[in-house]
file input.cif (mmCIF, C-alpha atoms)
data_start
#
loop_
_atom_site.group_PDB
_atom_site.id
_atom_site.type_symbol
_atom_site.label_atom_id
_atom_site.label_comp_id
_atom_site.auth_asym_id
_atom_site.auth_seq_id
_atom_site.Cartn_x
_atom_site.Cartn_y
_atom_site.Cartn_z
ATOM 1 C CA ASN C 19 -152.277 57.134 46.968
ATOM 2 C CA GLN C 20 -153.492 60.720 47.220
ATOM 3 C CA ILE C 21 -154.885 60.773 43.670
ATOM 4 C CA SER C 22 -157.141 57.763 44.279
ATOM 5 C CA ARG C 23 -158.773 59.357 47.337
ATOM 6 C CA PRO C 24 -162.143 61.071 46.859
ATOM 7 C CA LYS C 25 -162.224 64.872 46.871
ATOM 8 C CA LEU C 26 -163.754 66.614 49.893
ATOM 9 C CA LEU C 27 -164.507 70.334 50.244
ATOM 10 C CA LEU C 28 -163.818 71.189 53.891
ATOM 11 C CA HIS C 29 -165.357 74.397 55.210
ATOM 12 C CA ILE C 30 -163.047 76.076 57.745
ATOM 13 C CA CYS C 31 -164.513 77.997 60.678
ATOM 14 C CA CYS C 32 -161.260 78.615 62.617
ATOM 15 C CA ALA C 33 -157.750 77.252 63.154
ATOM 16 C CA PRO C 34 -158.338 75.413 66.473
ATOM 17 C CA ASP C 35 -161.296 73.512 65.026
ATOM 18 C CA LEU C 36 -159.338 72.636 61.881
ATOM 19 C CA VAL C 37 -156.513 70.810 63.682
ATOM 20 C CA VAL C 38 -158.132 67.382 64.148
ATOM 21 C CA PRO C 39 -160.083 67.308 60.844
ATOM 22 C CA LEU C 40 -156.969 68.310 58.893
ATOM 23 C CA LEU C 41 -154.723 65.754 60.556
ATOM 24 C CA ASP C 42 -157.285 62.945 60.272
ATOM 25 C CA LEU C 43 -159.174 63.515 57.027
ATOM 26 C CA LYS C 44 -156.101 64.020 54.850
ATOM 27 C CA ASN C 45 -155.490 60.287 55.264
ATOM 28 C CA TYR C 46 -158.751 59.465 53.490
ATOM 29 C CA PHE C 47 -159.565 62.378 51.167
ATOM 30 C CA GLN C 48 -158.057 64.897 48.803
ATOM 31 C CA LEU C 49 -158.874 67.950 50.879
ATOM 32 C CA TYR C 50 -159.926 71.306 49.458
ATOM 33 C CA LEU C 51 -159.901 73.884 52.248
ATOM 34 C CA TYR C 52 -162.355 76.769 52.068
ATOM 35 C CA TRP C 53 -162.531 79.600 54.625
ATOM 36 C CA TYR C 54 -165.971 81.226 54.848
ATOM 37 C CA ASN C 55 -167.008 83.163 57.966
ATOM 38 C CA PRO C 56 -168.970 86.365 57.316
ATOM 39 C CA ASN C 57 -170.443 86.004 60.821
ATOM 40 C CA ILE C 58 -167.194 86.894 62.608
ATOM 41 C CA GLN C 59 -167.340 90.322 64.238
ATOM 42 C CA PRO C 60 -165.713 92.744 64.621
ATOM 43 C CA TYR C 61 -163.311 92.966 61.677
ATOM 44 C CA SER C 62 -160.307 92.961 64.027
ATOM 45 C CA GLU C 63 -161.439 89.572 65.340
ATOM 46 C CA TYR C 64 -161.890 88.301 61.797
ATOM 47 C CA GLN C 65 -158.285 89.272 61.039
ATOM 48 C CA LYS C 66 -156.972 87.521 64.153
ATOM 49 C CA ARG C 67 -158.767 84.279 63.373
ATOM 50 C CA TYR C 68 -157.741 84.341 59.734
ATOM 51 C CA LYS C 69 -154.090 84.867 60.654
ATOM 52 C CA GLU C 70 -154.199 81.835 62.966
ATOM 53 C CA TYR C 71 -155.649 79.816 60.092
ATOM 54 C CA ILE C 72 -152.752 80.828 57.849
ATOM 55 C CA LYS C 73 -150.342 79.983 60.659
ATOM 56 C CA LEU C 74 -151.771 76.460 60.865
ATOM 57 C CA LEU C 75 -151.516 76.011 57.098
ATOM 58 C CA ASN C 76 -147.854 76.969 57.250
ATOM 59 C CA LEU C 77 -147.306 74.399 59.996
ATOM 60 C CA GLU C 78 -149.133 71.626 58.131
ATOM 61 C CA LYS C 79 -148.044 72.006 54.540
ATOM 62 C CA GLY C 80 -148.791 69.224 52.108
ATOM 63 C CA ASP C 81 -151.771 67.045 51.398
ATOM 64 C CA TYR C 82 -154.483 69.597 50.674
ATOM 65 C CA LYS C 83 -155.502 72.290 48.197
ATOM 66 C CA LEU C 84 -156.782 75.791 48.930
ATOM 67 C CA VAL C 85 -159.869 77.524 47.561
ATOM 68 C CA ASP C 86 -159.957 81.321 47.659
ATOM 69 C CA SER C 87 -162.896 83.688 48.141
ATOM 70 C CA GLU C 88 -163.588 83.705 44.389
ATOM 71 C CA TRP C 89 -163.870 79.896 44.399
ATOM 72 C CA ASN C 90 -160.559 79.314 42.616
ATOM 73 C CA VAL C 91 -158.058 76.638 43.580
ATOM 74 C CA VAL C 92 -154.857 78.501 44.514
ATOM 75 C CA GLU C 93 -151.343 77.739 45.705
ATOM 76 C CA LYS C 94 -151.520 79.895 48.820
ATOM 77 C CA PHE C 95 -153.682 82.481 50.545
ATOM 78 C CA GLU C 96 -152.616 86.094 50.740
ATOM 79 C CA ASP C 97 -153.465 88.957 53.089
ATOM 80 C CA LYS C 98 -155.747 90.247 50.340
ATOM 81 C CA MET C 99 -158.282 87.767 51.682
ATOM 82 C CA PHE C 100 -158.989 90.341 54.385
ATOM 83 C CA ASN C 101 -160.425 92.590 51.706
ATOM 84 C CA THR C 102 -163.250 90.127 51.088
ATOM 85 C CA TYR C 103 -164.755 90.975 54.468
ATOM 86 C CA ASP C 104 -168.154 92.629 54.118
ATOM 87 C CA LYS C 105 -169.654 93.640 57.447
ATOM 88 C CA GLU C 106 -173.174 93.607 55.980
ATOM 89 C CA GLU C 107 -173.008 90.182 54.325
ATOM 90 C CA PHE C 108 -173.915 88.284 57.486
ATOM 91 C CA PHE C 109 -176.931 90.491 58.217
ATOM 92 C CA ASP C 110 -178.071 90.441 54.594
ATOM 93 C CA LYS C 111 -178.006 86.654 54.528
ATOM 94 C CA LEU C 112 -179.795 86.325 57.852
ATOM 95 C CA TYR C 113 -182.607 88.220 56.180
ATOM 96 C CA GLU C 114 -182.335 86.428 52.830
ATOM 97 C CA TYR C 115 -182.537 82.971 54.419
ATOM 98 C CA ARG C 116 -185.135 83.775 57.088
ATOM 99 C CA HIS C 117 -187.466 81.211 55.491
ATOM 100 C CA ILE C 118 -185.200 78.503 56.912
ATOM 101 C CA VAL C 119 -186.726 79.134 60.343
ATOM 102 C CA ASN C 120 -190.131 80.250 59.013
ATOM 103 C CA TYR C 121 -189.481 83.763 60.251
ATOM 104 C CA SER C 122 -191.612 86.562 58.826
ATOM 105 C CA CYS C 123 -190.928 90.264 59.227
ATOM 106 C CA GLU C 124 -191.446 93.569 57.485
ATOM 107 C CA ASN C 125 -187.786 94.274 56.751
ATOM 108 C CA LYS C 126 -184.193 93.493 57.666
ATOM 109 C CA ASN C 127 -184.064 96.014 60.501
ATOM 110 C CA GLU C 128 -187.015 94.380 62.212
ATOM 111 C CA LEU C 129 -185.382 90.967 61.911
ATOM 112 C CA LEU C 130 -182.120 92.253 63.363
ATOM 113 C CA ARG C 131 -183.901 93.900 66.287
ATOM 114 C CA ASP C 132 -185.656 90.641 67.101
ATOM 115 C CA PHE C 133 -182.503 88.574 66.721
ATOM 116 C CA ALA C 134 -180.579 90.947 68.986
ATOM 117 C CA GLN C 135 -182.997 90.120 71.808
ATOM 118 C CA MET C 136 -182.393 86.373 71.607
ATOM 119 C CA GLU C 137 -180.158 85.304 74.468
ATOM 120 C CA GLU C 138 -180.178 81.530 74.102
ATOM 121 C CA LYS C 139 -177.525 79.560 72.266
ATOM 122 C CA ASN C 140 -178.620 77.762 69.111
ATOM 123 C CA SER C 141 -181.405 80.287 68.542
ATOM 124 C CA PRO C 142 -183.088 80.759 65.124
ATOM 125 C CA ARG C 143 -180.344 83.165 64.113
ATOM 126 C CA CYS C 144 -177.835 80.325 64.701
ATOM 127 C CA ASP C 145 -179.889 78.033 62.452
ATOM 128 C CA ILE C 146 -179.635 80.526 59.615
ATOM 129 C CA CYS C 147 -175.911 80.957 60.258
ATOM 130 C CA TYR C 148 -175.414 77.178 60.061
ATOM 131 C CA TYR C 149 -177.356 77.062 56.828
ATOM 132 C CA MET C 150 -175.485 79.902 55.098
ATOM 133 C CA ARG C 151 -172.093 78.515 56.129
ATOM 134 C CA LEU C 152 -172.983 75.082 54.753
ATOM 135 C CA LEU C 153 -174.639 76.305 51.569
ATOM 136 C CA GLU C 154 -171.628 78.337 50.465
ATOM 137 C CA PRO C 155 -169.081 75.446 50.571
ATOM 138 C CA ALA C 156 -171.580 73.135 48.878
ATOM 139 C CA LEU C 157 -171.916 75.622 46.027
ATOM 140 C CA VAL C 158 -168.128 75.894 45.848
ATOM 141 C CA ALA C 159 -167.858 72.101 45.682
ATOM 142 C CA LYS C 160 -170.446 72.035 42.900
ATOM 143 C CA LYS C 161 -168.481 74.583 40.879
ATOM 144 C CA LEU C 162 -165.242 72.628 41.344
ATOM 145 C CA TRP C 163 -166.834 69.229 40.621
ATOM 146 C CA ILE C 164 -166.133 67.971 44.126
ATOM 147 C CA LYS C 165 -168.555 65.255 45.216
ATOM 148 C CA TYR C 166 -168.485 65.749 49.006
ATOM 149 C CA PHE C 167 -168.450 68.587 51.519
ATOM 150 C CA THR C 168 -168.312 68.962 55.311
ATOM 151 C CA THR C 169 -167.384 71.530 57.954
ATOM 152 C CA THR C 170 -165.044 71.976 60.901
ATOM 153 C CA LEU C 171 -168.044 73.405 62.788
ATOM 154 C CA LEU C 172 -168.773 69.776 63.706
ATOM 155 C CA ILE C 173 -165.914 69.739 66.194
ATOM 156 C CA SER C 174 -166.950 72.805 68.201
ATOM 157 C CA PRO C 175 -168.681 72.152 71.542
ATOM 158 C CA LYS C 176 -170.490 75.464 71.023
ATOM 159 C CA LYS C 177 -172.353 74.076 67.986
ATOM 160 C CA SER C 178 -175.292 71.680 67.650
ATOM 161 C CA VAL C 179 -174.234 68.640 65.621
ATOM 162 C CA GLU C 180 -177.899 67.725 65.180
ATOM 163 C CA LYS C 181 -178.674 71.085 63.578
ATOM 164 C CA LEU C 182 -175.534 71.024 61.466
ATOM 165 C CA ASP C 183 -176.536 67.624 60.145
ATOM 166 C CA LYS C 184 -180.092 68.830 59.532
ATOM 167 C CA TYR C 185 -178.954 71.760 57.426
ATOM 168 C CA GLY C 186 -176.127 69.811 55.840
ATOM 169 C CA LYS C 187 -178.678 67.331 54.494
ATOM 170 C CA LEU C 188 -180.964 70.156 53.375
ATOM 171 C CA VAL C 189 -178.135 71.821 51.484
ATOM 172 C CA ALA C 190 -177.156 68.466 49.980
ATOM 173 C CA SER C 191 -180.696 68.035 48.630
ATOM 174 C CA GLN C 192 -180.581 71.540 47.151
ATOM 175 C CA THR C 193 -177.164 71.259 45.519
ATOM 176 C CA GLN C 194 -176.778 67.507 44.854
ATOM 177 C CA ILE C 195 -173.423 67.627 46.668
ATOM 178 C CA LYS C 196 -173.147 64.959 49.352
ATOM 179 C CA TYR C 197 -172.808 66.160 52.950
ATOM 180 C CA LEU C 198 -170.549 64.055 55.169
ATOM 181 C CA THR C 199 -170.820 64.231 58.945
ATOM 182 C CA PHE C 200 -167.958 63.175 61.220
ATOM 183 C CA ASP C 201 -167.823 62.532 64.954
ATOM 184 C CA PHE C 202 -164.767 64.704 65.521
ATOM 185 C CA ARG C 203 -165.634 64.926 69.219
ATOM 186 C CA LYS C 204 -164.590 61.376 69.986
ATOM 187 C CA ASN C 205 -161.087 59.949 70.459
ATOM 188 C CA ASN C 206 -159.887 62.782 72.721
ATOM 189 C CA TRP C 207 -160.422 65.338 69.951
ATOM 190 C CA PHE C 208 -160.451 68.305 72.330
ATOM 191 C CA LYS C 209 -157.328 67.133 74.151
ATOM 192 C CA ARG C 210 -155.510 66.602 70.857
ATOM 193 C CA ALA C 211 -156.513 70.011 69.492
ATOM 194 C CA SER C 212 -155.705 71.766 72.774
ATOM 195 C CA GLU C 213 -152.273 70.184 72.991
ATOM 196 C CA TYR C 214 -151.544 71.139 69.390
ATOM 197 C CA THR C 215 -152.692 74.750 69.734
ATOM 198 C CA THR C 216 -150.761 75.130 72.996
ATOM 199 C CA GLN C 217 -147.616 73.604 71.526
ATOM 200 C CA HIS C 218 -147.724 75.884 68.482
ATOM 201 C CA SER C 219 -149.114 78.992 70.232
ATOM 202 C CA ILE C 220 -152.276 79.093 68.148
ATOM 203 C CA ARG C 221 -154.825 81.498 69.580
ATOM 204 C CA ARG C 222 -158.160 80.089 70.751
ATOM 205 C CA GLN C 223 -161.121 82.460 70.589
ATOM 206 C CA ASN C 224 -163.578 82.669 73.502
ATOM 207 C CA TYR C 225 -166.841 83.278 71.625
ATOM 208 C CA CYS C 226 -168.570 81.800 68.604
ATOM 209 C CA GLY C 227 -168.242 84.660 66.152
ATOM 210 C CA CYS C 228 -171.076 87.168 65.785
ATOM 211 C CA ALA C 229 -171.411 90.213 67.993
ATOM 212 C CA TRP C 230 -174.458 88.732 69.709
ATOM 213 C CA SER C 231 -172.481 85.647 70.782
ATOM 214 C CA ILE C 232 -169.966 87.812 72.653
ATOM 215 C CA ARG C 233 -172.590 88.144 75.384
#
call {"tool": "encode", "arguments": {"input": "input.cif", "output": "structure tokens"}}
result
Amino acid sequence: NQISRPKLLLHICCAPDLVVPLLDLKNYFQLYLYWYNPNIQPYSEYQKRYKEYIKLLNLEKGDYKLVDSEWNVVEKFEDKMFNTYDKEEFFDKLYEYRHIVNYSCENKNELLRDFAQMEEKNSPRCDICYYMRLLEPALVAKKLWIKYFTTTLLISPKKSVEKLDKYGKLVASQTQIKYLTFDFRKNNWFKRASEYTTQHSIRRQNYCGCAWSIR
């Protein structure tokens, strides 16, 4: 019974990473899907990834609800979602949440110069990105009276599950919305997602999202 299942706000990072969570979690939760990715650069890449997300939703219609950029539950997403893209939002929030990694600097430009020199994966800038992309869905869940939240970032081999869980728990303590972690990487998750995306010609991106990760 769909109505008796608990509500879960699911943060969406991209279509390929949504496949397994969508197919599996809809059996246990009332899913509320929320796309939030200000880190994706450039804008043309953001458009491509968003279109693949819409393509997946059209393939898997049914047991889920959609939340738009203004935190409203809606029937369907429109192309107007592209207009919510703000190329400065990611950089502004890296600066706003710099305390997460105990980073001190004189101004945003100094922070961005330092972050641009970081070559390693899962650097401090990634920590802040994890935090901002978990905080936003938790706040959405709070507004919509949804008790739980999680993210499709958990399935990506490019992400640190340990750090996601760390910041998920931090956000949960700040918002009083429960963070759920899932081991999406077991049970042939990558094989299942790859077969699905190949079968339905869903594009798979080859870098995490921000301009720095392209390197």
call {"tool": "closest_residue", "arguments": {"input": "input.cif", "among": "C:Leu112, C:Val179, C:Cys228, C:Ile173", "to": "C:Leu40", "atoms": "all atoms listed in the file"}}
result
C:Ile173
call {"tool": "closest_atom_pairs", "arguments": {"input": "input.cif", "of": "stretch 47-119 of chain C", "to": "stretch 124-144 of chain C", "cutoff": "12 Å", "atoms": "only C-alpha atoms", "output": "Markdown table"}}
result
| residue | atom | partner | partner_atom | distance |
| --- | --- | --- | --- | --- |
| C:Asn57 | CA | C:Cys144 | CA | 10.1 |
| C:Glu106 | CA | C:Lys126 | CA | 11.1 |
| C:Phe108 | CA | C:Arg143 | CA | 10.6 |
| C:Phe109 | CA | C:Leu130 | CA | 7.5 |
| C:Asp110 | CA | C:Lys126 | CA | 7.5 |
| C:Lys111 | CA | C:Lys126 | CA | 9.7 |
| C:Leu112 | CA | C:Arg143 | CA | 7.0 |
| C:Tyr113 | CA | C:Lys126 | CA | 5.7 |
| C:Glu114 | CA | C:Lys126 | CA | 8.8 |
| C:Tyr115 | CA | C:Arg143 | CA | 9.9 |
| C:Arg116 | CA | C:Arg143 | CA | 8.5 |
| C:His117 | CA | C:Pro142 | CA | 10.6 |
| C:Ile118 | CA | C:Pro142 | CA | 8.8 |
| C:Val119 | CA | C:Pro142 | CA | 6.2 |
call {"tool": "closest_residue", "arguments": {"input": "input.cif", "among": "C:Asp104, C:Lys176, C:Cys123, C:Lys165", "to": "C:Pro60", "atoms": "all atoms listed in the file"}}
result
C:Asp104
call {"tool": "resolve_selection", "arguments": {"input": "input.cif", "expression": "the PyMOL selection byres ((chain C and resi 206-216) around 8)", "output": "ChimeraX atom specification"}}
result
/C:34-35,37-38,173,202-205,217-222
call {"tool": "write_last_selection", "arguments": {"input": "input.cif", "atoms": "C-alpha atoms", "output": "CSV table (one decimal), in the coordinates of the input"}}
result
chain,number,residue,atom,x,y,z
C,34,PRO,CA,-158.3,75.4,66.5
C,35,ASP,CA,-161.3,73.5,65.0
C,37,VAL,CA,-156.5,70.8,63.7
C,38,VAL,CA,-158.1,67.4,64.1
C,173,ILE,CA,-165.9,69.7,66.2
C,202,PHE,CA,-164.8,64.7,65.5
C,203,ARG,CA,-165.6,64.9,69.2
C,204,LYS,CA,-164.6,61.4,70.0
C,205,ASN,CA,-161.1,59.9,70.5
C,217,GLN,CA,-147.6,73.6,71.5
C,218,HIS,CA,-147.7,75.9,68.5
C,219,SER,CA,-149.1,79.0,70.2
C,220,ILE,CA,-152.3,79.1,68.1
C,221,ARG,CA,-154.8,81.5,69.6
C,222,ARG,CA,-158.2,80.1,70.8
call {"tool": "atom_distance", "arguments": {"input": "input.cif", "atom1": "atom CA of C:Ile164", "atom2": "atom CA of C:Lys25"}}
result
5.7 Å
call {"tool": "closest_residue", "arguments": {"input": "input.cif", "among": "C:Leu157, C:Leu182, C:Leu172, C:Leu84", "to": "C:Leu36", "atoms": "all atoms listed in the file"}}
result
C:Leu172
call {"tool": "residues_near_point", "arguments": {"input": "input.cif", "point": "(-169.6, 92.2, 68.4)", "cutoff": "10 Å", "atoms": "only C-alpha atoms", "output": "list in words"}}
result
Asn57, Ile58, Gln59, Pro60, Tyr61, Glu63, Tyr225, Gly227, Cys228, Ala229, Trp230, Ser231, Ile232 and Arg233 of chain C
call {"tool": "atom_distance", "arguments": {"input": "input.cif", "atom1": "atom CA of C:Leu43", "atom2": "atom CA of C:Ser178"}}
result
21.0 Å
call {"tool": "closest_residue", "arguments": {"input": "input.cif", "among": "C:Ala190, C:Leu198, C:Leu152, C:Ala159", "to": "C:Leu27", "atoms": "all atoms listed in the file"}}
result
C:Ala159
call {"tool": "atom_distance", "arguments": {"input": "input.cif", "atom1": "atom CA of C:Tyr82", "atom2": "atom CA of C:Asp201"}}
result
20.8 Å
call {"tool": "residues_around", "arguments": {"input": "input.cif", "residues": "C:Asn45", "least_positions_apart": "3", "cutoff": "9 Å", "atoms": "all atoms listed in the file", "output": "MDAnalysis selection string"}}
result
chainID C and resid 20 23 40:42 48 81
call {"tool": "axis_aligned_box", "arguments": {"input": "input.cif", "around": "stretch 139-154 of chain C", "padding_each_side": "8 Å", "output": "lines of an AutoDock Vina configuration file"}}
result
center_x = -177.4
center_y = 79.1
center_z = 61.4
size_x = 27.5
size_y = 24.1
size_z = 37.8
call {"tool": "resolve_selection", "arguments": {"input": "input.cif", "expression": "the PyMOL selection byres ((chain C and resi 153) around 10)", "output": "list in words"}}
result
Cys147, Tyr148, Tyr149, Met150, Arg151, Leu152, Glu154, Pro155, Ala156, Leu157, Val158, Ala159, Phe167, Tyr185, Gly186, Leu188, Val189, Ala190, Gln192 and Thr193 of chain C
call {"tool": "residues_around", "arguments": {"input": "input.cif", "residues": "C:Arg67", "least_positions_apart": "5", "cutoff": "8 Å", "atoms": "all atoms listed in the file", "output": "count of residues only"}}
result
4
call {"tool": "closest_residue", "arguments": {"input": "input.cif", "among": "C:Ser22, C:Asn90, C:Thr168, C:Asn55", "to": "C:Cys226", "atoms": "only C-alpha atoms"}}
result
C:Asn55
call {"tool": "build_atoms", "arguments": {"input": "input.cif", "residues": "stretch 146-174 of chain C", "atoms": "N, CA and C atoms", "output": "PDB file, in the frame of the given file"}}
result
ATOM      1  N   ILE C 146    -179.887  79.898  60.911  1.00  0.00           N
ATOM      2  CA  ILE C 146    -179.635  80.526  59.615  1.00  0.00           C
ATOM      3  C   ILE C 146    -178.138  80.616  59.352  1.00  0.00           C
ATOM      4  N   CYS C 147    -177.370  80.889  60.394  1.00  0.00           N
ATOM      5  CA  CYS C 147    -175.911  80.957  60.258  1.00  0.00           C
ATOM      6  C   CYS C 147    -175.355  79.604  59.841  1.00  0.00           C
ATOM      7  N   TYR C 148    -175.837  78.520  60.468  1.00  0.00           N
ATOM      8  CA  TYR C 148    -175.414  77.178  60.061  1.00  0.00           C
ATOM      9  C   TYR C 148    -175.712  76.962  58.577  1.00  0.00           C
ATOM     10  N   TYR C 149    -176.928  77.308  58.206  1.00  0.00           N
ATOM     11  CA  TYR C 149    -177.356  77.062  56.828  1.00  0.00           C
ATOM     12  C   TYR C 149    -176.483  77.818  55.830  1.00  0.00           C
ATOM     13  N   MET C 150    -176.254  79.114  56.056  1.00  0.00           N
ATOM     14  CA  MET C 150    -175.485  79.902  55.098  1.00  0.00           C
ATOM     15  C   MET C 150    -174.042  79.416  55.003  1.00  0.00           C
ATOM     16  N   ARG C 151    -173.495  78.938  56.128  1.00  0.00           N
ATOM     17  CA  ARG C 151    -172.093  78.515  56.129  1.00  0.00           C
ATOM     18  C   ARG C 151    -171.923  77.082  55.643  1.00  0.00           C
ATOM     19  N   LEU C 152    -173.026  76.384  55.418  1.00  0.00           N
ATOM     20  CA  LEU C 152    -172.983  75.082  54.753  1.00  0.00           C
ATOM     21  C   LEU C 152    -173.339  75.207  53.276  1.00  0.00           C
ATOM     22  N   LEU C 153    -174.249  76.118  52.968  1.00  0.00           N
ATOM     23  CA  LEU C 153    -174.639  76.305  51.569  1.00  0.00           C
ATOM     24  C   LEU C 153    -173.477  76.795  50.727  1.00  0.00           C
ATOM     25  N   GLU C 154    -172.739  77.763  51.230  1.00  0.00           N
ATOM     26  CA  GLU C 154    -171.628  78.337  50.465  1.00  0.00           C
ATOM     27  C   GLU C 154    -170.596  77.276  50.062  1.00  0.00           C
ATOM     28  N   PRO C 155    -170.049  76.468  50.985  1.00  0.00           N
ATOM     29  CA  PRO C 155    -169.081  75.446  50.571  1.00  0.00           C
ATOM     30  C   PRO C 155    -169.670  74.398  49.638  1.00  0.00           C
ATOM     31  N   ALA C 156    -170.957  74.089  49.795  1.00  0.00           N
ATOM     32  CA  ALA C 156    -171.580  73.135  48.878  1.00  0.00           C
ATOM     33  C   ALA C 156    -171.619  73.693  47.464  1.00  0.00           C
ATOM     34  N   LEU C 157    -171.911  74.982  47.341  1.00  0.00           N
ATOM     35  CA  LEU C 157    -171.916  75.622  46.027  1.00  0.00           C
ATOM     36  C   LEU C 157    -170.507  75.682  45.431  1.00  0.00           C
ATOM     37  N   VAL C 158    -169.522  75.913  46.303  1.00  0.00           N
ATOM     38  CA  VAL C 158    -168.128  75.894  45.848  1.00  0.00           C
ATOM     39  C   VAL C 158    -167.766  74.503  45.325  1.00  0.00           C
ATOM     40  N   ALA C 159    -168.138  73.486  46.090  1.00  0.00           N
ATOM     41  CA  ALA C 159    -167.858  72.101  45.682  1.00  0.00           C
ATOM     42  C   ALA C 159    -168.518  71.793  44.338  1.00  0.00           C
ATOM     43  N   LYS C 160    -169.723  72.276  44.159  1.00  0.00           N
ATOM     44  CA  LYS C 160    -170.446  72.035  42.900  1.00  0.00           C
ATOM     45  C   LYS C 160    -169.700  72.663  41.728  1.00  0.00           C
ATOM     46  N   LYS C 161    -169.217  73.900  41.939  1.00  0.00           N
ATOM     47  CA  LYS C 161    -168.481  74.583  40.879  1.00  0.00           C
ATOM     48  C   LYS C 161    -167.186  73.847  40.531  1.00  0.00           C
ATOM     49  N   LEU C 162    -166.539  73.283  41.541  1.00  0.00           N
ATOM     50  CA  LEU C 162    -165.242  72.628  41.344  1.00  0.00           C
ATOM     51  C   LEU C 162    -165.370  71.135  41.065  1.00  0.00           C
ATOM     52  N   TRP C 163    -166.584  70.648  40.897  1.00  0.00           N
ATOM     53  CA  TRP C 163    -166.834  69.229  40.621  1.00  0.00           C
ATOM     54  C   TRP C 163    -166.297  68.331  41.737  1.00  0.00           C
ATOM     55  N   ILE C 164    -166.517  68.766  42.957  1.00  0.00           N
ATOM     56  CA  ILE C 164    -166.133  67.971  44.126  1.00  0.00           C
ATOM     57  C   ILE C 164    -167.393  67.321  44.678  1.00  0.00           C
ATOM     58  N   LYS C 165    -167.343  66.036  44.905  1.00  0.00           N
ATOM     59  CA  LYS C 165    -168.555  65.255  45.216  1.00  0.00           C
ATOM     60  C   LYS C 165    -169.041  65.433  46.648  1.00  0.00           C
ATOM     61  N   TYR C 166    -168.126  65.724  47.587  1.00  0.00           N
ATOM     62  CA  TYR C 166    -168.485  65.749  49.006  1.00  0.00           C
ATOM     63  C   TYR C 166    -168.101  67.082  49.655  1.00  0.00           C
ATOM     64  N   PHE C 167    -168.830  67.427  50.714  1.00  0.00           N
ATOM     65  CA  PHE C 167    -168.450  68.587  51.519  1.00  0.00           C
ATOM     66  C   PHE C 167    -168.762  68.309  52.986  1.00  0.00           C
ATOM     67  N   THR C 168    -168.056  69.022  53.871  1.00  0.00           N
ATOM     68  CA  THR C 168    -168.312  68.962  55.311  1.00  0.00           C
ATOM     69  C   THR C 168    -167.752  70.228  55.939  1.00  0.00           C
ATOM     70  N   THR C 169    -167.804  70.305  57.273  1.00  0.00           N
ATOM     71  CA  THR C 169    -167.384  71.530  57.954  1.00  0.00           C
ATOM     72  C   THR C 169    -166.673  71.241  59.262  1.00  0.00           C
ATOM     73  N   THR C 170    -165.725  72.101  59.612  1.00  0.00           N
ATOM     74  CA  THR C 170    -165.044  71.976  60.901  1.00  0.00           C
ATOM     75  C   THR C 170    -165.939  72.429  62.041  1.00  0.00           C
ATOM     76  N   LEU C 171    -167.089  73.029  61.741  1.00  0.00           N
ATOM     77  CA  LEU C 171    -168.044  73.405  62.788  1.00  0.00           C
ATOM     78  C   LEU C 171    -168.461  72.184  63.610  1.00  0.00           C
ATOM     79  N   LEU C 172    -168.359  71.003  63.024  1.00  0.00           N
ATOM     80  CA  LEU C 172    -168.773  69.776  63.706  1.00  0.00           C
ATOM     81  C   LEU C 172    -167.958  69.493  64.966  1.00  0.00           C
ATOM     82  N   ILE C 173    -166.773  70.053  65.048  1.00  0.00           N
ATOM     83  CA  ILE C 173    -165.914  69.739  66.194  1.00  0.00           C
ATOM     84  C   ILE C 173    -166.168  70.666  67.383  1.00  0.00           C
ATOM     85  N   SER C 174    -166.803  71.796  67.143  1.00  0.00           N
ATOM     86  CA  SER C 174    -166.950  72.805  68.201  1.00  0.00           C
ATOM     87  C   SER C 174    -168.017  72.419  69.223  1.00  0.00           C
TER      88      SER C 174
END
